[in-house]
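Participant: Below is the structure I would like to discuss, written out as C-alpha coordinates.
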Amino acid sequence: MRTRLAACTALALSAGMLLAGPASADSPAPRPTAEKPVVTFDPPSLNLPGGGAARAGTTATTGVGASPQLSDFDGDGRSDLIYRGWDGNVYTATTTGQEGQFGYTDEPAKDIIPIGNQDGDASGPEVLLLSQSGVLSLYTDATTNGASYAWEGRGWNAYNKVVAPGDVNDDGRADLVARDHDGGLYLYYATGNRSAPFASRVKIGSGWNIYDQLFGIGDNNGDGWADLIGRDTAGDLWFYAGTGDKARPFAARVKIGTGWHIYNQIMSVGDDNGDGNGELIARDMKGTLWYYTGKGNGTLNARQQVSSEGGWAGVPQFGGAGNNPVTGNKEGVRARDTAGTMFWYGVRSTGLLAPRVQTSDTGNWKGANFTHISSTDMDASSDLAEVYDNGLYIDGVYIGTGWSAYNVLVGPGDLSGDGKGDLLARDRSGILYLYKGNGAGTG
(Lines give C-alpha, C1' and ligand atoms only; values in the text may rest on other atoms or scores of the structure.)
Protein backbone atom coordinates (compact mmCIF):
# COMPACT_ATOMS: atom_id res chain seq x y z
CA MET A 1 0.00 0.00 0.00
CA ARG A 2 1.33 3.41 -0.87
CA THR A 3 0.58 6.40 1.28
CA ARG A 4 1.35 9.95 0.23
CA LEU A 5 3.34 12.20 2.50
CA ALA A 6 2.07 14.93 0.99
CA ALA A 7 5.68 30.69 26.91
CA CYS A 8 3.34 33.20 26.50
CA THR A 9 3.22 36.16 28.87
CA ALA A 10 0.70 38.29 27.03
CA LEU A 11 -2.05 37.31 24.66
CA ALA A 12 -3.81 39.85 22.48
CA LEU A 13 -6.39 39.46 19.77
CA SER A 14 -5.67 41.69 16.83
CA ALA A 15 -7.98 42.81 14.07
CA GLY A 16 -7.27 44.17 10.65
CA MET A 17 -3.78 42.76 10.35
CA LEU A 18 -4.70 39.49 8.68
CA LEU A 19 -6.30 40.22 5.34
CA ALA A 20 -7.55 37.00 3.84
CA GLY A 21 -8.20 36.52 0.17
CA PRO A 22 -6.41 35.88 -3.08
CA ALA A 23 -3.47 37.99 -4.14
CA SER A 24 -4.10 40.77 -6.59
CA ALA A 25 -2.35 40.88 -9.92
CA ASP A 26 0.42 43.10 -8.55
CA SER A 27 0.95 41.12 -5.32
CA PRO A 28 4.54 39.91 -4.98
CA ALA A 29 5.10 36.21 -5.59
CA PRO A 30 6.92 34.11 -2.99
CA ARG A 31 9.33 31.31 -3.73
CA PRO A 32 7.85 28.12 -5.15
CA THR A 33 6.54 25.75 -2.49
CA ALA A 34 9.13 23.19 -1.43
CA GLU A 35 7.29 19.96 -2.10
CA LYS A 36 7.42 17.04 0.31
CA PRO A 37 8.41 13.67 -1.15
CA VAL A 38 6.13 10.77 -1.89
CA VAL A 39 6.83 7.83 0.44
CA THR A 40 5.59 4.27 0.40
CA PHE A 41 4.37 2.07 3.22
CA ASP A 42 3.73 -1.62 2.68
CA PRO A 43 2.11 -3.17 5.76
CA PRO A 44 3.89 -6.33 6.90
CA SER A 45 2.01 -9.52 7.64
CA LEU A 46 0.20 -10.04 10.93
CA ASN A 47 1.14 -13.31 12.59
CA LEU A 48 -1.59 -13.52 15.20
CA PRO A 49 -1.75 -16.64 17.43
CA GLY A 50 -4.37 -19.29 16.85
CA GLY A 51 -7.69 -19.58 18.67
CA GLY A 52 -7.77 -20.23 22.38
CA ALA A 53 -9.87 -22.52 24.55
CA ALA A 54 -13.14 -21.09 25.82
CA ARG A 55 -13.07 -19.66 29.30
CA ALA A 56 -14.25 -22.07 32.02
CA GLY A 57 -18.01 -22.05 32.38
CA THR A 58 -18.56 -20.03 29.20
CA THR A 59 -18.65 -20.46 25.48
CA ALA A 60 -16.67 -18.37 23.04
CA THR A 61 -18.27 -15.06 22.17
CA THR A 62 -20.24 -14.92 18.94
CA GLY A 63 -21.90 -11.97 17.22
CA VAL A 64 -22.16 -8.78 19.22
CA GLY A 65 -21.80 -9.97 22.81
CA ALA A 66 -19.55 -8.69 25.55
CA SER A 67 -16.25 -9.22 23.69
CA PRO A 68 -16.89 -8.87 19.95
CA GLN A 69 -14.18 -8.76 17.34
CA LEU A 70 -13.96 -5.09 16.63
CA SER A 71 -12.52 -5.06 13.12
CA ASP A 72 -12.86 -8.29 11.15
CA PHE A 73 -13.06 -6.80 7.66
CA ASP A 74 -12.40 -9.93 5.60
CA GLY A 75 -14.73 -12.29 7.46
CA ASP A 76 -12.11 -14.84 8.52
CA GLY A 77 -12.97 -14.63 12.21
CA ARG A 78 -9.81 -12.70 13.15
CA SER A 79 -9.40 -9.02 13.95
CA ASP A 80 -7.74 -6.86 11.31
CA LEU A 81 -6.04 -3.47 11.50
CA ILE A 82 -7.40 -0.12 10.37
CA TYR A 83 -5.20 2.96 10.48
CA ARG A 84 -4.61 6.51 9.23
CA GLY A 85 -1.63 7.17 6.99
CA TRP A 86 0.47 10.33 6.83
CA ASP A 87 -1.63 11.45 3.87
CA GLY A 88 -4.76 11.54 6.05
CA ASN A 89 -6.41 8.58 4.32
CA VAL A 90 -7.62 5.52 6.22
CA TYR A 91 -6.35 2.06 5.28
CA THR A 92 -6.98 -1.54 6.28
CA ALA A 93 -4.64 -4.51 6.60
CA THR A 94 -5.93 -8.00 7.32
CA THR A 95 -4.55 -11.24 8.71
CA THR A 96 -5.11 -12.85 5.30
CA GLY A 97 -2.98 -10.28 3.51
CA GLN A 98 -5.81 -8.25 2.00
CA GLU A 99 -5.53 -4.49 2.19
CA GLY A 100 -7.43 -1.48 0.97
CA GLN A 101 -8.13 2.22 1.28
CA PHE A 102 -10.97 3.11 3.61
CA GLY A 103 -11.44 6.85 3.06
CA TYR A 104 -14.73 8.71 3.10
CA THR A 105 -14.76 12.03 4.93
CA ASP A 106 -14.13 15.42 3.38
CA GLU A 107 -11.42 16.00 5.97
CA PRO A 108 -8.92 13.48 7.37
CA ALA A 109 -9.92 11.21 10.20
CA LYS A 110 -8.26 12.36 13.40
CA ASP A 111 -9.21 9.13 15.16
CA ILE A 112 -10.71 5.79 14.15
CA ILE A 113 -12.95 3.83 16.53
CA PRO A 114 -13.82 0.27 15.45
CA ILE A 115 -16.97 -0.84 17.27
CA GLY A 116 -17.62 -4.32 15.88
CA ASN A 117 -20.82 -5.64 14.37
CA GLN A 118 -23.62 -3.59 15.93
CA ASP A 119 -26.62 -5.41 14.47
CA GLY A 120 -25.59 -9.05 14.44
CA ASP A 121 -25.90 -9.55 10.68
CA ALA A 122 -23.26 -11.04 8.41
CA SER A 123 -22.50 -7.83 6.53
CA GLY A 124 -19.38 -6.80 8.41
CA PRO A 125 -18.48 -4.55 11.34
CA GLU A 126 -19.15 -0.87 11.93
CA VAL A 127 -16.51 1.88 12.19
CA LEU A 128 -16.57 5.41 13.59
CA LEU A 129 -14.34 8.10 12.07
CA LEU A 130 -13.68 11.27 14.07
CA SER A 131 -12.56 14.35 12.11
CA GLN A 132 -10.27 17.06 13.47
CA SER A 133 -13.17 19.53 13.58
CA GLY A 134 -15.23 17.19 15.77
CA VAL A 135 -17.48 15.37 13.29
CA LEU A 136 -18.10 11.76 14.34
CA SER A 137 -19.30 9.62 11.43
CA LEU A 138 -20.69 6.09 11.48
CA TYR A 139 -19.94 3.69 8.63
CA THR A 140 -21.67 0.33 8.53
CA ASP A 141 -21.05 -3.11 6.99
CA ALA A 142 -17.37 -2.43 6.46
CA THR A 143 -15.05 -4.48 4.26
CA THR A 144 -11.35 -3.99 3.55
CA ASN A 145 -12.08 -1.10 1.20
CA GLY A 146 -15.66 -0.03 1.63
CA ALA A 147 -18.54 0.76 3.98
CA SER A 148 -21.89 2.53 3.96
CA TYR A 149 -22.26 6.00 5.45
CA ALA A 150 -25.05 6.01 8.03
CA TRP A 151 -24.81 8.96 10.44
CA GLU A 152 -22.75 11.87 11.69
CA GLY A 153 -22.77 13.98 14.83
CA ARG A 154 -20.95 17.22 15.57
CA GLY A 155 -19.28 18.73 18.61
CA TRP A 156 -17.08 15.75 19.44
CA ASN A 157 -13.97 17.94 19.57
CA ALA A 158 -15.08 18.56 23.15
CA TYR A 159 -13.22 15.30 23.83
CA ASN A 160 -9.57 14.32 23.50
CA LYS A 161 -10.34 10.60 23.48
CA VAL A 162 -13.30 8.50 22.32
CA VAL A 163 -13.22 4.78 23.21
CA ALA A 164 -15.38 1.75 22.38
CA PRO A 165 -14.89 -0.56 25.39
CA GLY A 166 -17.49 -3.06 24.20
CA ASP A 167 -20.97 -3.80 25.50
CA VAL A 168 -21.40 -1.96 28.83
CA ASN A 169 -25.09 -2.70 29.50
CA ASP A 170 -25.53 -6.19 27.99
CA ASP A 171 -27.80 -5.22 25.11
CA GLY A 172 -25.53 -6.75 22.46
CA ARG A 173 -24.13 -3.45 21.16
CA ALA A 174 -20.82 -1.69 21.72
CA ASP A 175 -21.14 1.55 23.68
CA LEU A 176 -18.91 4.63 23.70
CA VAL A 177 -16.85 6.32 26.40
CA ALA A 178 -15.51 9.84 25.84
CA ARG A 179 -13.10 11.92 27.93
CA ASP A 180 -13.20 15.71 27.83
CA HIS A 181 -10.20 18.02 28.10
CA ASP A 182 -10.71 18.46 31.86
CA GLY A 183 -10.64 14.70 32.51
CA GLY A 184 -14.41 14.18 32.78
CA LEU A 185 -15.58 10.78 31.53
CA TYR A 186 -18.91 10.31 29.74
CA LEU A 187 -20.79 7.22 28.60
CA TYR A 188 -22.91 7.02 25.44
CA TYR A 189 -25.13 3.93 25.26
CA ALA A 190 -25.67 2.46 21.79
CA THR A 191 -29.29 2.51 20.62
CA GLY A 192 -29.28 0.14 17.65
CA ASN A 193 -30.80 2.91 15.52
CA ARG A 194 -28.42 3.74 12.69
CA SER A 195 -29.89 7.22 12.21
CA ALA A 196 -29.34 8.02 15.92
CA PRO A 197 -26.85 5.40 17.10
CA PHE A 198 -26.06 6.78 20.57
CA ALA A 199 -28.18 8.04 23.44
CA SER A 200 -27.47 11.26 25.35
CA ARG A 201 -24.28 11.23 27.36
CA VAL A 202 -24.09 10.36 31.04
CA LYS A 203 -21.18 11.58 33.17
CA ILE A 204 -19.55 8.66 34.96
CA GLY A 205 -16.35 10.09 36.42
CA SER A 206 -13.73 12.81 36.69
CA GLY A 207 -9.95 12.93 36.97
CA TRP A 208 -9.40 10.61 34.01
CA ASN A 209 -6.77 12.91 32.50
CA ILE A 210 -4.17 11.04 34.61
CA TYR A 211 -4.03 8.54 31.73
CA ASP A 212 -2.12 9.11 28.51
CA GLN A 213 -3.69 5.98 27.00
CA LEU A 214 -7.31 4.93 27.50
CA PHE A 215 -8.83 1.92 25.76
CA GLY A 216 -11.36 -0.88 26.09
CA ILE A 217 -10.77 -4.60 26.16
CA GLY A 218 -14.24 -6.09 25.94
CA ASP A 219 -14.97 -8.52 28.78
CA ASN A 220 -11.77 -9.76 30.42
CA ASN A 221 -13.05 -11.03 33.76
CA GLY A 222 -15.90 -13.32 32.76
CA ASP A 223 -18.82 -11.32 34.14
CA GLY A 224 -20.31 -10.37 30.78
CA TRP A 225 -19.64 -6.63 31.05
CA ALA A 226 -17.15 -4.66 28.98
CA ASP A 227 -14.05 -3.43 30.83
CA LEU A 228 -11.83 -0.37 30.51
CA ILE A 229 -8.04 0.06 30.83
CA GLY A 230 -5.94 3.18 31.41
CA ARG A 231 -2.17 3.66 31.24
CA ASP A 232 -0.72 6.42 33.38
CA THR A 233 2.37 8.47 32.56
CA ALA A 234 4.54 6.22 34.75
CA GLY A 235 3.70 3.30 32.46
CA ASP A 236 1.42 1.50 34.93
CA LEU A 237 -1.67 -0.28 33.58
CA TRP A 238 -4.98 -0.02 35.45
CA PHE A 239 -8.04 -2.24 34.97
CA TYR A 240 -11.63 -1.03 35.48
CA ALA A 241 -14.08 -3.92 35.53
CA GLY A 242 -17.53 -3.38 34.07
CA THR A 243 -20.30 -3.62 36.65
CA GLY A 244 -23.54 -3.56 34.69
CA ASP A 245 -24.73 -0.76 36.99
CA LYS A 246 -25.83 2.26 34.94
CA ALA A 247 -25.14 4.58 37.88
CA ARG A 248 -21.61 3.20 38.27
CA PRO A 249 -20.68 1.25 35.15
CA PHE A 250 -17.02 0.67 36.10
CA ALA A 251 -15.61 -0.58 39.40
CA ALA A 252 -12.60 0.81 41.26
CA ARG A 253 -9.33 0.42 39.43
CA VAL A 254 -6.86 -2.43 39.93
CA LYS A 255 -3.22 -2.32 38.79
CA ILE A 256 -2.50 -5.09 36.29
CA GLY A 257 0.88 -4.15 34.85
CA THR A 258 3.98 -1.96 34.90
CA GLY A 259 6.50 -0.95 32.26
CA TRP A 260 3.94 -0.19 29.57
CA HIS A 261 5.66 3.12 28.73
CA ILE A 262 7.64 1.14 26.13
CA TYR A 263 4.60 1.40 23.84
CA ASN A 264 3.42 4.47 21.93
CA GLN A 265 0.04 3.04 20.90
CA ILE A 266 -2.04 0.31 22.54
CA MET A 267 -5.17 -0.89 20.78
CA SER A 268 -7.98 -3.27 21.66
CA VAL A 269 -9.22 -5.89 19.21
CA GLY A 270 -12.03 -7.47 21.25
CA ASP A 271 -12.20 -11.24 21.62
CA ASP A 272 -9.85 -12.12 18.80
CA ASN A 273 -9.03 -15.75 19.58
CA GLY A 274 -12.52 -16.97 20.50
CA ASP A 275 -11.92 -17.80 24.17
CA GLY A 276 -14.35 -15.19 25.51
CA ASN A 277 -11.64 -12.82 26.76
CA GLY A 278 -10.44 -9.53 25.29
CA GLU A 279 -7.10 -9.11 23.52
CA LEU A 280 -4.70 -6.19 22.97
CA ILE A 281 -2.08 -5.22 20.39
CA ALA A 282 0.68 -2.77 21.38
CA ARG A 283 3.30 -1.04 19.22
CA ASP A 284 6.71 -0.40 20.73
CA MET A 285 8.99 2.54 19.99
CA LYS A 286 10.72 0.63 17.18
CA GLY A 287 7.43 -0.03 15.38
CA THR A 288 7.05 -3.71 16.32
CA LEU A 289 3.61 -5.11 17.23
CA TRP A 290 3.07 -7.24 20.33
CA TYR A 291 -0.02 -9.30 21.17
CA TYR A 292 -1.55 -9.79 24.62
CA THR A 293 -4.31 -12.31 25.30
CA GLY A 294 -6.66 -11.91 28.23
CA LYS A 295 -6.64 -14.43 31.06
CA GLY A 296 -10.29 -13.97 31.96
CA ASN A 297 -9.54 -12.53 35.39
CA GLY A 298 -8.73 -8.97 34.34
CA THR A 299 -5.02 -9.65 33.75
CA LEU A 300 -3.02 -10.48 30.62
CA ASN A 301 -0.80 -13.30 29.47
CA ALA A 302 2.80 -12.77 28.41
CA ARG A 303 3.23 -10.86 25.17
CA GLN A 304 3.89 -12.42 21.77
CA GLN A 305 5.57 -10.69 18.82
CA VAL A 306 3.19 -10.62 15.85
CA SER A 307 5.03 -8.50 13.25
CA SER A 308 8.50 -8.01 11.87
CA GLU A 309 10.73 -5.77 13.96
CA GLY A 310 9.97 -2.13 13.15
CA GLY A 311 7.50 -3.12 10.44
CA TRP A 312 4.70 -0.81 11.66
CA ALA A 313 6.78 2.28 12.36
CA GLY A 314 5.19 4.21 9.51
CA VAL A 315 1.68 4.54 10.96
CA PRO A 316 0.70 7.75 12.81
CA GLN A 317 -2.65 6.48 14.18
CA PHE A 318 -4.14 3.02 14.60
CA GLY A 319 -7.87 2.47 14.91
CA GLY A 320 -8.87 1.70 18.48
CA ALA A 321 -5.57 2.96 19.91
CA GLY A 322 -5.71 4.57 23.33
CA ASN A 323 -3.48 7.59 22.71
CA ASN A 324 -4.71 11.16 22.26
CA PRO A 325 -4.87 11.48 18.46
CA VAL A 326 -3.62 14.47 16.48
CA THR A 327 -3.67 15.32 12.81
CA GLY A 328 -2.16 18.11 10.79
CA ASN A 329 0.91 18.07 13.01
CA LYS A 330 4.42 18.25 11.64
CA GLU A 331 5.10 14.93 9.99
CA GLY A 332 8.71 15.86 9.25
CA VAL A 333 11.43 18.47 9.61
CA ARG A 334 12.28 21.22 7.11
CA ALA A 335 15.94 22.15 6.85
CA ARG A 336 17.79 24.73 4.71
CA ASP A 337 21.51 24.44 4.14
CA THR A 338 23.96 27.34 3.81
CA ALA A 339 23.52 27.37 0.04
CA GLY A 340 19.80 28.01 0.45
CA THR A 341 18.59 24.55 -0.62
CA MET A 342 15.59 23.05 1.17
CA PHE A 343 15.54 19.49 2.48
CA TRP A 344 12.91 17.28 4.12
CA TYR A 345 13.39 14.73 6.90
CA GLY A 346 10.32 12.54 7.36
CA VAL A 347 9.34 11.19 10.76
CA ARG A 348 9.13 7.48 11.54
CA SER A 349 7.04 7.42 14.76
CA THR A 350 10.13 5.97 16.47
CA GLY A 351 11.80 9.19 17.62
CA LEU A 352 14.13 9.05 14.61
CA LEU A 353 14.08 10.82 11.25
CA ALA A 354 14.22 9.36 7.77
CA PRO A 355 17.14 10.24 5.47
CA ARG A 356 16.90 13.71 3.98
CA VAL A 357 15.39 14.40 0.57
CA GLN A 358 16.05 17.58 -1.44
CA THR A 359 12.75 19.39 -2.00
CA SER A 360 13.76 22.60 -3.82
CA ASP A 361 16.10 23.75 -6.53
CA THR A 362 19.64 24.33 -5.33
CA GLY A 363 19.88 27.70 -3.56
CA ASN A 364 16.25 28.56 -4.24
CA TRP A 365 15.43 29.40 -0.60
CA LYS A 366 18.54 31.43 0.22
CA GLY A 367 17.61 34.43 2.38
CA ALA A 368 13.96 33.39 2.71
CA ASN A 369 12.08 34.19 5.92
CA PHE A 370 10.15 30.94 6.35
CA THR A 371 8.80 28.70 9.09
CA HIS A 372 7.38 25.18 9.18
CA ILE A 373 3.88 25.19 10.71
CA SER A 374 1.18 22.68 11.56
CA SER A 375 -1.58 22.32 9.00
CA THR A 376 -3.89 25.31 8.53
CA ASP A 377 -6.27 23.42 6.24
CA MET A 378 -7.89 19.98 6.35
CA ASP A 379 -5.36 17.91 4.42
CA ALA A 380 -3.57 16.46 7.51
CA SER A 381 -0.23 17.70 6.17
CA SER A 382 1.91 20.43 7.72
CA ASP A 383 2.46 23.69 5.84
CA LEU A 384 5.30 26.02 4.92
CA ALA A 385 4.79 29.70 5.73
CA GLU A 386 6.90 32.51 4.27
CA VAL A 387 6.91 36.22 5.00
CA TYR A 388 7.87 37.89 1.74
CA ASP A 389 7.77 41.62 0.98
CA ASN A 390 5.58 42.23 4.07
CA GLY A 391 3.06 39.58 2.96
CA LEU A 392 2.33 36.14 4.40
CA TYR A 393 2.13 33.09 2.15
CA ILE A 394 1.18 29.60 3.32
CA ASP A 395 2.14 26.88 0.86
CA GLY A 396 2.23 29.57 -1.80
CA VAL A 397 -1.25 30.95 -0.99
CA TYR A 398 -1.31 34.70 -0.29
CA ILE A 399 -2.86 35.40 3.13
CA GLY A 400 -2.39 39.14 3.68
CA THR A 401 -0.04 42.03 4.33
CA GLY A 402 1.54 43.57 7.44
CA TRP A 403 3.41 40.49 8.60
CA SER A 404 6.84 42.14 8.73
CA ALA A 405 5.69 43.61 12.05
CA TYR A 406 6.48 40.24 13.62
CA ASN A 407 9.86 38.72 14.36
CA VAL A 408 8.57 35.26 15.27
CA LEU A 409 5.78 33.24 13.67
CA VAL A 410 4.74 29.81 14.99
CA GLY A 411 2.09 27.34 13.81
CA PRO A 412 1.50 25.06 16.84
CA GLY A 413 -1.79 23.55 15.67
CA ASP A 414 -5.26 24.08 17.11
CA LEU A 415 -5.18 26.38 20.15
CA SER A 416 -8.83 27.47 20.19
CA GLY A 417 -10.45 24.02 20.24
CA ASP A 418 -12.35 24.33 16.96
CA GLY A 419 -10.25 21.74 15.13
CA LYS A 420 -8.57 24.31 12.87
CA GLY A 421 -4.88 25.18 12.84
CA ASP A 422 -3.94 28.56 14.33
CA LEU A 423 -0.93 30.88 14.25
CA LEU A 424 1.01 32.70 16.97
CA ALA A 425 2.91 35.87 16.06
CA ARG A 426 5.24 37.93 18.29
CA ASP A 427 5.93 41.56 17.52
CA ARG A 428 9.12 43.47 18.26
CA SER A 429 7.72 44.73 21.55
CA GLY A 430 7.36 41.17 22.81
CA ILE A 431 3.56 41.01 22.52
CA LEU A 432 2.12 37.69 21.38
CA TYR A 433 -0.91 37.55 19.09
CA LEU A 434 -3.22 34.65 18.30
CA TYR A 435 -4.63 34.33 14.78
CA LYS A 436 -7.38 31.73 14.57
CA GLY A 437 -7.28 29.79 11.29
CA ASN A 438 -10.32 29.42 9.06
CA GLY A 439 -9.60 25.74 8.36
CA ALA A 440 -9.04 26.32 4.65
CA GLY A 441 -5.49 27.65 4.78
CA THR A 442 -6.60 30.94 3.23
CA GLY A 443 -7.05 33.22 6.24
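Numbering starts fresh at 1 for the residues of each chain in the C-alpha coordinates, the chains themselves are lettered A, B, ... in the order given, and ligands are numbered from 1 as they appear.
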Residues within 6 Å of range 401-408 of chain A, please, as a list in words. Count only C-alpha atoms; anything in the same chain fewer than 2 positions from it doesn't count.
Facilitator: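 That gives Asn390, Gly391, Ala425, Arg426 and Asp427 of chain A.
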Participant: Quick one: which range 312-341 of chain A residues come within 6 Å of range 71-86 of chain A, and what is the nearest atom pair for each with the distance in Å to one decimal, counting only C-alpha atoms, rows ordered by chain and ascending number, as a tab-separated table?
Facilitator:
```
residue	atom	partner	partner_atom	distance
A:Val315	CA	A:Gly85	CA	5.8
A:Gln317	CA	A:Arg84	CA	5.3
A:Phe318	CA	A:Tyr83	CA	4.2
A:Gly319	CA	A:Tyr83	CA	5.2
```
Participant: What residues in range 199-355 of chain A get the DSSP label strand (DSSP E or B)? Please answer as a VMD selection string.
Facilitator: chain A and resid 202 to 205 211 to 218 227 to 232 237 to 240 242 250 254 to 257 263 to 270 279 to 284 289 to 294 300 304 to 305 317 to 318 321 323 332 to 336 342 to 347 353
Participant: Could you check which of A:Ile204, A:Ala196, A:Ile113, A:Ala251 is closest to Asp180 in chain A, using only C-alpha atoms?
Facilitator: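 Using only C-alpha atoms, Asp180 in chain A sits closest to A:Ile204.
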